[in-house]
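The next block is model-v7.cif, given as mmCIF, C-alpha atoms and all ligand atoms.
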data_upload
#
loop_
_atom_site.label_atom_id
_atom_site.label_comp_id
_atom_site.auth_asym_id
_atom_site.auth_seq_id
_atom_site.Cartn_x
_atom_site.Cartn_y
_atom_site.Cartn_z
CA MET N 1 97.37 91.15 90.94
CA THR N 2 94.21 92.61 89.46
CA THR N 3 94.82 94.74 86.39
CA ILE N 4 92.86 97.96 86.39
CA ASP N 5 93.40 100.70 83.82
CA THR N 6 94.26 104.29 84.61
CA ASP N 7 91.14 105.91 86.02
CA PRO N 8 89.60 108.11 83.28
CA ASP N 9 88.21 110.66 85.75
CA THR N 10 91.21 111.16 88.00
CA GLY N 11 94.12 110.06 85.79
CA LEU N 12 95.34 107.93 88.71
CA ASP N 13 97.26 104.78 87.92
CA PRO N 14 96.19 101.73 89.86
CA LEU N 15 98.18 100.83 92.97
CA GLU N 16 100.43 97.78 92.88
CA PHE N 17 99.37 95.65 95.82
CA ALA N 18 101.93 93.27 97.33
CA VAL N 19 100.00 90.08 98.05
CA THR N 20 101.06 87.74 100.86
CA ARG N 21 98.89 84.64 101.05
CA ASN N 22 97.67 83.38 104.40
CA LEU N 23 99.35 80.00 104.87
CA ALA N 24 96.99 79.29 107.76
CA ALA N 25 93.85 80.10 105.74
CA LYS N 26 90.72 78.25 106.84
CA SER N 27 90.04 74.95 105.08
CA ALA N 28 87.09 74.87 102.68
CA ALA N 29 85.21 72.72 105.22
CA ASP N 30 85.80 75.20 108.07
CA ARG N 31 84.84 78.12 105.83
CA ASP N 32 81.65 76.37 104.68
CA ALA N 33 80.71 75.68 108.30
CA ILE N 34 80.99 79.42 109.04
CA LEU N 35 79.12 80.39 105.87
CA ALA N 36 76.27 78.04 106.78
CA SER N 37 75.40 80.33 109.70
CA PRO N 38 77.52 83.48 109.59
CA GLY N 39 75.68 85.73 112.08
CA PHE N 40 76.94 89.31 111.86
CA GLY N 41 80.44 90.62 112.43
CA GLN N 42 81.78 87.57 114.27
CA ASN N 43 83.91 85.79 111.70
CA PHE N 44 86.50 87.27 109.38
CA THR N 45 88.01 86.21 106.09
CA ASP N 46 91.61 85.03 105.64
CA HIS N 47 93.07 88.30 104.39
CA MET N 48 92.95 92.05 104.83
CA VAL N 49 94.07 95.06 102.82
CA ASP N 50 96.02 98.02 104.09
CA ILE N 51 97.46 101.17 102.58
CA CYS N 52 99.69 103.62 104.45
CA TRP N 53 99.51 107.37 104.22
CA SER N 54 101.97 109.98 105.41
CA VAL N 55 102.29 113.70 104.90
CA ARG N 56 105.53 113.16 103.00
CA GLY N 57 104.78 109.98 101.09
CA GLY N 58 101.04 110.27 100.37
CA TRP N 59 99.35 106.88 99.82
CA HIS N 60 101.91 104.11 99.70
CA ARG N 61 102.71 100.44 100.51
CA PRO N 62 99.41 98.89 99.41
CA ARG N 63 99.24 95.31 100.69
CA VAL N 64 97.04 92.29 100.88
CA SER N 65 98.14 90.23 103.87
CA PRO N 66 96.92 87.51 106.20
CA TYR N 67 94.12 88.74 108.47
CA GLY N 68 95.51 89.34 111.93
CA PRO N 69 96.27 91.74 114.76
CA ILE N 70 97.56 95.23 113.97
CA SER N 71 100.63 96.40 115.83
CA LEU N 72 100.21 99.97 117.10
CA ASP N 73 102.38 102.26 119.20
CA PRO N 74 100.55 102.92 122.51
CA ALA N 75 100.80 106.62 121.69
CA ALA N 76 99.00 106.21 118.33
CA ALA N 77 96.65 109.20 118.10
CA VAL N 78 93.56 107.10 117.36
CA LEU N 79 93.81 105.48 120.80
CA HIS N 80 93.65 108.86 122.50
CA TYR N 81 91.67 111.24 120.33
CA GLY N 82 89.55 108.90 118.23
CA GLN N 83 90.66 110.17 114.82
CA GLU N 84 88.97 107.34 112.92
CA ILE N 85 86.38 106.75 110.20
CA PHE N 86 84.81 103.70 108.58
CA GLU N 87 82.40 102.45 105.95
CA GLY N 88 80.01 99.53 105.60
CA ILE N 89 79.27 97.89 102.25
CA LYS N 90 78.36 94.38 101.12
CA ALA N 91 79.41 91.93 98.40
CA TYR N 92 76.63 89.77 96.97
CA ARG N 93 76.91 86.41 95.20
CA HIS N 94 74.72 86.18 92.08
CA ALA N 95 73.15 82.95 90.82
CA ASP N 96 75.89 82.59 88.14
CA GLY N 97 78.56 82.72 90.88
CA SER N 98 79.75 86.26 90.10
CA VAL N 99 80.36 88.74 92.95
CA HIS N 100 78.99 92.28 92.91
CA THR N 101 78.80 95.19 95.26
CA PHE N 102 76.31 98.05 95.39
CA ARG N 103 77.05 101.74 94.64
CA PRO N 104 80.63 101.56 95.97
CA ASP N 105 81.39 104.97 94.47
CA GLN N 106 78.92 106.40 97.03
CA ASN N 107 80.73 104.70 99.92
CA GLY N 108 84.05 105.89 98.51
CA ARG N 109 82.79 109.47 98.39
CA ARG N 110 81.25 109.25 101.84
CA LEU N 111 84.57 107.97 103.19
CA GLN N 112 86.13 111.09 101.68
CA ARG N 113 83.54 113.37 103.32
CA SER N 114 84.08 111.63 106.66
CA ALA N 115 87.84 112.03 106.17
CA ARG N 116 87.46 115.76 105.58
CA ARG N 117 85.46 116.19 108.79
CA LEU N 118 87.93 114.15 110.85
CA ALA N 119 90.98 115.88 109.31
CA LEU N 120 92.14 112.60 107.73
CA PRO N 121 93.50 112.25 104.18
CA GLU N 122 90.97 111.51 101.42
CA LEU N 123 91.52 108.10 99.84
CA PRO N 124 90.96 108.52 96.08
CA VAL N 125 87.78 106.64 95.07
CA PRO N 126 89.64 104.51 92.47
CA TYR N 127 91.96 103.27 95.25
CA PHE N 128 88.92 102.53 97.41
CA LEU N 129 87.34 100.49 94.59
CA GLN N 130 90.61 98.72 93.93
CA SER N 131 90.93 97.74 97.60
CA LEU N 132 87.55 95.99 97.40
CA ARG N 133 88.55 94.12 94.27
CA GLU N 134 91.92 93.10 95.70
CA LEU N 135 90.31 91.57 98.78
CA ILE N 136 87.71 89.70 96.73
CA ALA N 137 90.50 88.43 94.44
CA VAL N 138 91.94 86.47 97.40
CA ASP N 139 88.85 85.95 99.59
CA GLY N 140 86.09 85.64 96.97
CA ALA N 141 85.21 82.15 98.26
CA TRP N 142 84.02 83.84 101.47
CA VAL N 143 81.07 85.49 99.71
CA PRO N 144 78.17 83.27 100.83
CA SER N 145 75.41 82.18 98.50
CA GLY N 146 72.55 81.57 100.95
CA GLU N 147 69.39 83.64 101.00
CA ASP N 148 69.94 87.17 102.35
CA GLN N 149 73.60 86.37 102.99
CA SER N 150 76.48 88.58 101.91
CA LEU N 151 80.08 89.42 102.68
CA TYR N 152 80.08 92.58 104.79
CA LEU N 153 83.06 94.74 103.86
CA ARG N 154 84.43 97.09 106.49
CA PRO N 155 86.85 99.74 105.20
CA PHE N 156 88.33 101.95 107.94
CA MET N 157 91.01 104.55 108.44
CA PHE N 158 92.76 105.78 111.56
CA ALA N 159 95.52 108.01 112.88
CA LYS N 160 98.52 105.85 113.68
CA GLU N 161 101.15 108.51 114.35
CA ALA N 162 102.69 108.16 117.82
CA PHE N 163 102.18 111.71 119.06
CA LEU N 164 100.15 113.03 121.98
CA GLY N 165 99.76 116.59 120.74
CA VAL N 166 96.24 117.37 119.55
CA ARG N 167 96.51 117.93 115.79
CA PRO N 168 95.74 115.92 112.67
CA ALA N 169 98.07 112.92 112.54
CA HIS N 170 100.88 112.87 110.00
CA LYS N 171 100.67 109.08 109.63
CA VAL N 172 97.45 107.28 108.84
CA ALA N 173 96.44 103.75 107.86
CA TYR N 174 93.56 102.59 105.67
CA TYR N 175 92.40 99.00 106.16
CA LEU N 176 89.75 96.76 104.68
CA ILE N 177 88.47 93.65 106.43
CA ALA N 178 85.51 91.43 105.57
CA SER N 179 83.01 89.39 107.53
CA PRO N 180 80.38 86.99 106.16
CA ALA N 181 76.92 88.15 107.17
CA GLY N 182 73.42 86.78 107.60
CA ALA N 183 70.55 88.69 109.22
CA TYR N 184 71.67 91.67 111.34
CA PHE N 185 68.82 91.25 113.81
CA LYS N 186 68.19 87.84 115.33
CA GLY N 187 64.84 86.64 114.05
CA GLY N 188 65.24 88.11 110.55
CA VAL N 189 62.90 90.81 109.21
CA GLN N 190 60.62 91.43 112.18
CA PRO N 191 59.36 94.87 113.21
CA VAL N 192 61.82 96.41 115.69
CA SER N 193 60.97 98.35 118.83
CA ILE N 194 62.60 101.73 119.29
CA TRP N 195 63.55 103.52 122.48
CA LEU N 196 63.39 107.34 122.40
CA SER N 197 66.58 108.75 123.85
CA GLU N 198 65.60 111.87 125.81
CA ASP N 199 68.72 112.33 127.91
CA TYR N 200 71.43 111.71 125.35
CA SER N 201 72.05 113.03 121.87
CA ARG N 202 74.18 111.48 119.19
CA ALA N 203 75.29 114.59 117.36
CA GLY N 204 75.17 118.35 117.69
CA LYS N 205 74.99 121.19 115.21
CA GLY N 206 78.37 121.48 113.52
CA GLY N 207 79.46 118.18 115.11
CA THR N 208 80.40 114.91 113.47
CA GLY N 209 76.90 113.43 113.01
CA ALA N 210 77.14 113.26 109.22
CA ALA N 211 80.53 111.52 109.34
CA LYS N 212 80.91 107.79 109.83
CA THR N 213 83.31 108.03 112.74
CA GLY N 214 83.70 105.72 115.72
CA GLY N 215 82.96 108.46 118.26
CA ASN N 216 79.34 108.74 117.09
CA TYR N 217 78.88 105.05 117.76
CA ALA N 218 80.67 105.25 121.11
CA ALA N 219 78.22 108.02 122.07
CA SER N 220 75.30 105.78 121.09
CA LEU N 221 76.27 102.83 123.31
CA LEU N 222 74.93 104.10 126.63
CA PRO N 223 71.55 105.13 125.16
CA GLN N 224 71.51 101.78 123.30
CA SER N 225 71.98 100.03 126.67
CA GLU N 226 69.09 102.11 127.99
CA ALA N 227 67.05 100.81 125.02
CA TYR N 228 67.85 97.20 125.98
CA GLU N 229 66.95 97.91 129.63
CA ASN N 230 63.59 99.13 128.34
CA GLU N 231 63.20 96.01 126.21
CA CYS N 232 63.70 97.85 122.94
CA ASP N 233 65.90 96.77 120.03
CA GLN N 234 67.25 100.14 118.95
CA VAL N 235 67.47 103.76 120.01
CA VAL N 236 66.30 106.85 118.10
CA PHE N 237 67.96 110.22 118.61
CA LEU N 238 66.46 113.71 118.50
CA ASP N 239 68.24 116.96 117.70
CA GLN N 240 68.25 120.02 120.00
CA ASP N 241 64.88 121.12 118.54
CA ARG N 242 63.31 117.67 119.15
CA ASN N 243 63.41 116.73 115.48
CA VAL N 244 63.98 113.05 114.71
CA GLU N 245 67.51 112.29 113.57
CA GLU N 246 68.23 108.58 113.11
CA LEU N 247 68.82 105.32 114.93
CA GLY N 248 72.23 104.28 116.24
CA GLY N 249 73.04 102.58 112.92
CA MET N 250 70.12 103.23 110.54
CA ASN N 251 68.13 106.03 108.93
CA VAL N 252 64.40 106.50 109.55
CA VAL N 253 61.70 106.87 106.87
CA PHE N 254 58.01 107.83 107.31
CA VAL N 255 55.25 106.88 104.87
CA TYR N 256 52.17 109.14 104.77
CA LYS N 257 48.69 108.07 103.76
CA ASP N 258 48.78 110.13 100.53
CA GLY N 259 51.87 108.13 99.50
CA THR N 260 54.36 110.89 100.39
CA ILE N 261 57.58 109.61 101.88
CA VAL N 262 59.44 111.81 104.34
CA THR N 263 62.88 111.30 105.86
CA PRO N 264 64.80 113.53 108.25
CA GLN N 265 67.51 115.49 106.54
CA SER N 266 70.12 117.65 108.26
CA ASP N 267 73.86 118.00 108.49
CA SER N 268 73.93 115.93 111.68
CA ILE N 269 72.54 112.74 110.08
CA LEU N 270 74.50 110.14 108.15
CA GLU N 271 73.48 110.24 104.49
CA GLY N 272 72.55 106.59 104.07
CA ILE N 273 73.12 104.93 100.72
CA THR N 274 70.40 102.34 101.40
CA ARG N 275 67.94 105.16 102.13
CA ASP N 276 68.94 107.07 99.00
CA SER N 277 68.43 103.93 96.90
CA LEU N 278 65.04 103.05 98.48
CA LEU N 279 63.84 106.61 97.95
CA GLN N 280 64.85 106.39 94.29
CA LEU N 281 62.91 103.13 93.94
CA ALA N 282 59.93 104.82 95.62
CA ARG N 283 60.18 107.77 93.20
CA ASP N 284 60.27 105.29 90.32
CA ARG N 285 56.90 104.02 91.62
CA GLY N 286 55.51 107.56 91.61
CA HIS N 287 55.89 108.40 95.30
CA HIS N 288 56.65 112.00 96.22
CA VAL N 289 59.75 112.09 98.46
CA GLU N 290 60.75 114.84 100.90
CA GLY N 291 63.92 115.26 102.95
CA ARG N 292 63.12 117.69 105.79
CA ASN N 293 62.79 118.07 109.54
CA VAL N 294 60.31 115.73 111.20
CA SER N 295 59.55 116.65 114.79
CA LEU N 296 58.76 114.07 117.43
CA THR N 297 55.32 115.72 117.69
CA GLU N 298 54.71 115.27 113.95
CA TRP N 299 55.64 111.59 114.27
CA ARG N 300 53.45 110.88 117.30
CA GLU N 301 50.47 112.95 116.10
CA GLY N 302 50.79 111.54 112.57
CA VAL N 303 50.59 107.99 113.89
CA ALA N 304 47.70 108.87 116.23
CA SER N 305 45.68 110.53 113.44
CA GLY N 306 46.43 107.89 110.83
CA ASP N 307 48.33 110.34 108.59
CA ILE N 308 51.49 108.26 108.99
CA VAL N 309 50.81 104.74 107.77
CA GLU N 310 54.26 103.15 108.04
CA VAL N 311 57.65 103.85 109.63
CA PHE N 312 60.80 101.94 108.80
CA ALA N 313 64.54 101.97 109.33
CA CYS N 314 67.21 101.23 106.75
CA GLY N 315 70.93 100.72 106.44
CA THR N 316 73.49 98.42 104.81
CA ALA N 317 73.78 95.95 107.68
CA ALA N 318 70.04 95.56 108.41
CA VAL N 319 68.72 96.56 104.91
CA VAL N 320 65.08 97.53 105.68
CA THR N 321 63.32 96.89 108.98
CA PRO N 322 59.78 98.01 109.84
CA ILE N 323 59.46 99.93 113.11
CA GLY N 324 56.74 98.30 115.20
CA MET N 325 56.82 100.39 118.35
CA LEU N 326 58.16 103.70 119.71
CA LYS N 327 58.66 103.73 123.47
CA GLY N 328 59.51 106.75 125.60
CA ARG N 329 59.78 107.35 129.35
CA ASP N 330 56.04 107.80 129.69
CA PHE N 331 54.44 106.43 126.53
CA ILE N 332 54.29 103.48 124.19
CA ASP N 333 53.11 104.15 120.62
CA GLU N 334 52.34 101.11 118.51
CA GLN N 335 53.35 101.89 114.93
CA PRO N 336 51.06 101.19 111.98
CA SER N 337 52.09 98.28 109.80
CA GLY N 338 52.16 98.64 106.03
CA THR N 339 53.60 96.82 103.07
CA LEU N 340 55.78 99.42 101.39
CA ALA N 341 58.91 98.82 103.49
CA LEU N 342 58.99 95.12 102.69
CA GLU N 343 58.12 95.70 99.02
CA LEU N 344 60.99 98.17 98.67
CA ARG N 345 63.28 95.81 100.57
CA GLU N 346 62.47 93.05 98.11
CA GLU N 347 62.96 95.33 95.11
CA LEU N 348 66.32 96.52 96.44
CA THR N 349 67.62 93.06 97.34
CA ASN N 350 66.45 91.69 93.98
CA ILE N 351 68.75 94.23 92.32
CA GLN N 352 71.61 93.58 94.74
CA TYR N 353 71.43 89.80 94.22
CA GLY N 354 71.05 90.10 90.43
CA ARG N 355 67.45 88.87 90.38
CA ALA N 356 66.06 92.09 88.86
CA GLU N 357 67.26 94.50 86.21
CA ASP N 358 69.77 97.07 87.52
CA LYS N 359 68.10 100.07 85.86
CA HIS N 360 70.14 102.66 87.71
CA GLY N 361 73.53 101.06 87.11
CA TRP N 362 74.12 100.52 90.83
CA LEU N 363 75.97 97.21 90.69
CA TYR N 364 79.76 96.99 90.46
CA ARG N 365 81.41 93.68 89.70
CA LEU N 366 84.20 92.78 92.10
CA ASP N 367 85.49 89.44 90.81
CA ALA N 368 86.41 90.19 87.21
N1 LIG N 401 72.88 105.99 110.01
C1 LIG N 401 73.86 105.45 110.73
C2 LIG N 401 74.23 106.06 112.03
C3 LIG N 401 74.54 104.30 110.24
O1 LIG N 401 75.53 103.74 110.95
C4 LIG N 401 74.15 103.75 109.01
C5 LIG N 401 74.81 102.54 108.50
O2 LIG N 401 75.77 102.59 107.84
C6 LIG N 401 73.13 104.37 108.28
C7 LIG N 401 72.51 105.49 108.82
C8 LIG N 401 72.70 103.86 106.93
O3 LIG N 401 73.69 104.10 105.97
P1 LIG N 401 73.89 103.11 104.74
O4 LIG N 401 72.54 102.92 104.18
O5 LIG N 401 74.79 103.85 103.82
O6 LIG N 401 74.47 101.87 105.27
C1 LIG N 402 76.09 99.54 108.41
O1 LIG N 402 74.90 99.37 108.21
O2 LIG N 402 76.96 99.30 107.56
C2 LIG N 402 76.55 100.08 109.67
O3 LIG N 402 77.58 100.62 109.68
C3 LIG N 402 75.68 99.92 110.84
C4 LIG N 402 76.37 99.29 112.01
C5 LIG N 402 76.83 97.88 111.77
C6 LIG N 402 77.43 100.17 112.56
#
Let me see the file written as structure tokens.
Ligand code: PLP
Ligand code: COI
Amino acid sequence: MTTIDTDPDTGLDPLEFAVTRNLAAKSAADRDAILASPGFGQNFTDHMVDICWSVRGGWHRPRVSPYGPISLDPAAAVLHYGQEIFEGIKAYRHADGSVHTFRPDQNGRRLQRSARRLALPELPVPYFLQSLRELIAVDGAWVPSGEDQSLYLRPFMFAKEAFLGVRPAHKVAYYLIASPAGAYFKGGVQPVSIWLSEDYSRAGKGGTGAAKTGGNYAASLLPQSEAYENECDQVVFLDQDRNVEELGGMNVVFVYKDGTIVTPQSDSILEGITRDSLLQLARDRGHHVEGRNVSLTEWREGVASGDIVEVFACGTAAVVTPIGMLKGRDFIDEQPSGTLALELREELTNIQYGRAEDKHGWLYRLDA
């Protein structure tokens, strides 16, 4: 059991997690074989965390248990109405062996904002942080130490009440699982090609675009298949006014020739923590940063005129990836290649892996 003091901001006492060890945990040799080439999202650690919530009991029964299938009533609301949210965050192994994560308070708060939008209960941030520490306490050996490797942590929450009426569920579960991760895209950091989705949108005004909820990703799968059919890696979505929103799982950033950095900002876009951090690092270098609408026309004309000198995508799973091409039904625009995206990627990952000073206090130690 990890000992954590009463949280000074919320006055919450830590939860007491009941820990059941996995007697069928992978051997060190099997684990090392997986960590040698982890891929993304294919292998899972030996344990998982869950915490129950009910209208009457609030948050209760915190557990660490062997990783395995979840038993659900077929009438569980999540299976019918998709009342579900999730997060994505990574644990990094530093050269001295210690394990750290990056700005977890931001993920904890975003999980709360997603919960509000999906009418789910808000997990207090101290409980969120504690869940990460509890899992690392038992599965810390799963944090890989290879270059660009990490342990991807996937917190999620869903409606488990067996009830077919359409209303917020009275019983909810929060889970945390973890998956060792290498590069998100096969081939490492190569420029990606982007398909412009003209027929499908991801989010609407007043919809759930800013929440990290499964439905947004379900809505992105058909346009993502269209991207593959058109030999593109990813899909970019527009809003109803043909402003650029984001990719299926990453934010988009434009670099202008005067050094200004612009990124789409609206209440239908997920507020990425990677993007926020990269923009802070860019500000630290003296770049002017703007969050505003960017129309498709501004993008295409900016590239054609040379005003836009670089376009990149960013997110926890893929970190920073230059965009090399934008393809639509009747056009292909090669994108200019610059150096800023990869410089910022290096600066960010140097902080995350403990190779550079953490000036903004973004790291959070998980194994002590
Ligand atoms: N946009 C979408 C739709 C995402 O799924 C993600 C990934 O989590 C992001 C943006 C980037 O967010 P973050 O940098 O917090 O991972
Ligand atoms: C992330 O970057 O954490 C994501 O959630 C993107 C994708 C794996 C859904």
Check your understanding: When you draw a straight line from atom P1 of ligand LIG 401 (chain N) to CA of Asp307 (chain N), how long is it in Å?
Key ->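 Taking atom P1 of ligand LIG 401 (chain N) and CA of Asp307 (chain N), their separation equals 26.8 Å.
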Determine, using only C-alpha atoms and all ligand atoms, which residues of chain N have any atom at most 6 Å from an atom of ligand LIG 402 (chain N), and tabulate each with its shortest atom pair and distance in Å to one decimal place, rows ordered by chain and then rising number, as a Markdown table.
| residue | atom | partner | partner_atom | distance |
| --- | --- | --- | --- | --- |
| N:Gly88 | CA | N:LIG402 | O2 | 3.6 |
| N:Ile89 | CA | N:LIG402 | O2 | 6.0 |
| N:Gly249 | CA | N:LIG402 | C3 | 4.3 |
| N:Gly315 | CA | N:LIG402 | O1 | 4.6 |
| N:Thr316 | CA | N:LIG402 | O1 | 3.8 |
| N:Ala317 | CA | N:LIG402 | O1 | 3.6 |
Practice item. Counting all atoms listed in the file, name the residues that have an atom within 8 Å of an atom of ligand LIG 401 (chain N); the answer should be given as a PyMOL selection string. Key: chain N and resi 87-89+107+209+212+216-217+246-251+269-276+314-317+319
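Considering all atoms listed in the file, the residue among N:Glu347, N:Arg292, N:Trp142, N:Pro168 positioned nearest to Arg93 (chain N) is N:Trp142.
Close contacts of Asp105 (chain N), defined as residues with an atom at most 10 Å away when counting only C-alpha atoms, with chain neighbours fewer than 5 positions off set aside, comprise N:Arg110, N:Leu111, N:Val125, N:Pro126, N:Phe128, N:Leu129, N:Trp362, N:Tyr364.
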Point to revise | Using all atoms listed in the file: which of N:Ser268, N:Asn230, N:Ser295, N:Ser193 has the shortest distance to Val244 (chain N) | key: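 Selected residue with least distance to Val244 (chain N): N:Ser295.
Pairwise distance (CA of Glu245 (chain N), CA of Leu79 (chain N)) equals 28.1 Å.
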**Study point:** Counting all atoms listed in the file, the option among N:Glu161, N:Glu231, N:Ala119, N:Ala218 closest to Ile332 (chain N)
**Key:** N:Glu231
Review point. Which is closest to Tyr353 (chain N) among N:Arg365, N:Lys327, N:His60, N:Arg242, if we use only C-alpha atoms?
Key: N:Arg365
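Here CA of Ala75 (chain N) and CA of Gln112 (chain N) stand 25.2 Å from one another.
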Would you list the contacts of Val294 (chain N) as a CSV table (one decimal) with C-alpha atoms, keeping the file's coordinate frame, taking every protein, DNA or RNA residue within 7 Å and counting all atoms listed in the file, but skipping same-chain residues closer than 5 positions in sequence?
chain,number,residue,atom,x,y,z
N,243,ASN,CA,63.4,116.7,115.5
N,244,VAL,CA,64.0,113.0,114.7
N,264,PRO,CA,64.8,113.5,108.2
N,299,TRP,CA,55.6,111.6,114.3
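Each of N:Leu281, N:Pro38, N:Gly328, N:Asp367 was checked against Leu344 (chain N) using all atoms listed in the file; the smallest atom-to-atom distance is that of N:Leu281.
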Exercise for review: Check the smallest atom-to-atom distance from each of N:Asp233, N:Pro124, N:Glu134, N:Ala181 to Ile34 (chain N) using only C-alpha atoms, then report the winner.
Suggested key: N:Ala181
Can we get region 71-106 of chain N of that structure written down with C-alpha atoms, as a PDB file, in the first residue's frame?
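So part.pdb came out as:
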ATOM      1  CA  SER N  71     -17.885  -8.996 -16.030  1.00  0.00           C
ATOM      2  CA  LEU N  72     -20.767  -6.765 -17.128  1.00  0.00           C
ATOM      3  CA  ASP N  73     -24.533  -7.179 -17.139  1.00  0.00           C
ATOM      4  CA  PRO N  74     -25.709  -7.217 -20.788  1.00  0.00           C
ATOM      5  CA  ALA N  75     -27.985  -4.306 -19.887  1.00  0.00           C
ATOM      6  CA  ALA N  76     -25.067  -2.157 -18.631  1.00  0.00           C
ATOM      7  CA  ALA N  77     -25.794   1.352 -19.925  1.00  0.00           C
ATOM      8  CA  VAL N  78     -22.367   1.794 -21.528  1.00  0.00           C
ATOM      9  CA  LEU N  79     -23.112  -1.044 -23.966  1.00  0.00           C
ATOM     10  CA  HIS N  80     -26.223   0.734 -25.209  1.00  0.00           C
ATOM     11  CA  TYR N  81     -25.734   4.464 -24.850  1.00  0.00           C
ATOM     12  CA  GLY N  82     -21.964   4.827 -24.809  1.00  0.00           C
ATOM     13  CA  GLN N  83     -21.691   6.678 -21.495  1.00  0.00           C
ATOM     14  CA  GLU N  84     -17.907   6.362 -21.331  1.00  0.00           C
ATOM     15  CA  ILE N  85     -14.777   8.515 -21.079  1.00  0.00           C
ATOM     16  CA  PHE N  86     -11.048   7.858 -21.044  1.00  0.00           C
ATOM     17  CA  GLU N  87      -7.600   9.394 -20.760  1.00  0.00           C
ATOM     18  CA  GLY N  88      -4.175   8.698 -22.215  1.00  0.00           C
ATOM     19  CA  ILE N  89      -0.967   9.396 -20.296  1.00  0.00           C
ATOM     20  CA  LYS N  90       2.497   7.845 -20.194  1.00  0.00           C
ATOM     21  CA  ALA N  91       5.014   6.723 -17.565  1.00  0.00           C
ATOM     22  CA  TYR N  92       8.676   7.266 -18.456  1.00  0.00           C
ATOM     23  CA  ARG N  93      11.736   5.476 -17.076  1.00  0.00           C
ATOM     24  CA  HIS N  94      14.607   7.856 -16.254  1.00  0.00           C
ATOM     25  CA  ALA N  95      18.287   6.910 -16.484  1.00  0.00           C
ATOM     26  CA  ASP N  96      18.464   6.395 -12.683  1.00  0.00           C
ATOM     27  CA  GLY N  97      15.611   3.862 -12.904  1.00  0.00           C
ATOM     28  CA  SER N  98      12.945   6.137 -11.400  1.00  0.00           C
ATOM     29  CA  VAL N  99       9.482   6.342 -13.008  1.00  0.00           C
ATOM     30  CA  HIS N 100       7.769   9.642 -13.775  1.00  0.00           C
ATOM     31  CA  THR N 101       4.677  10.804 -15.538  1.00  0.00           C
ATOM     32  CA  PHE N 102       3.927  14.124 -17.203  1.00  0.00           C
ATOM     33  CA  ARG N 103       1.374  16.733 -16.021  1.00  0.00           C
ATOM     34  CA  PRO N 104      -1.032  14.127 -14.607  1.00  0.00           C
ATOM     35  CA  ASP N 105      -3.021  16.862 -12.862  1.00  0.00           C
ATOM     36  CA  GLN N 106      -4.015  18.057 -16.362  1.00  0.00           C
TER      37      GLN N 106
END
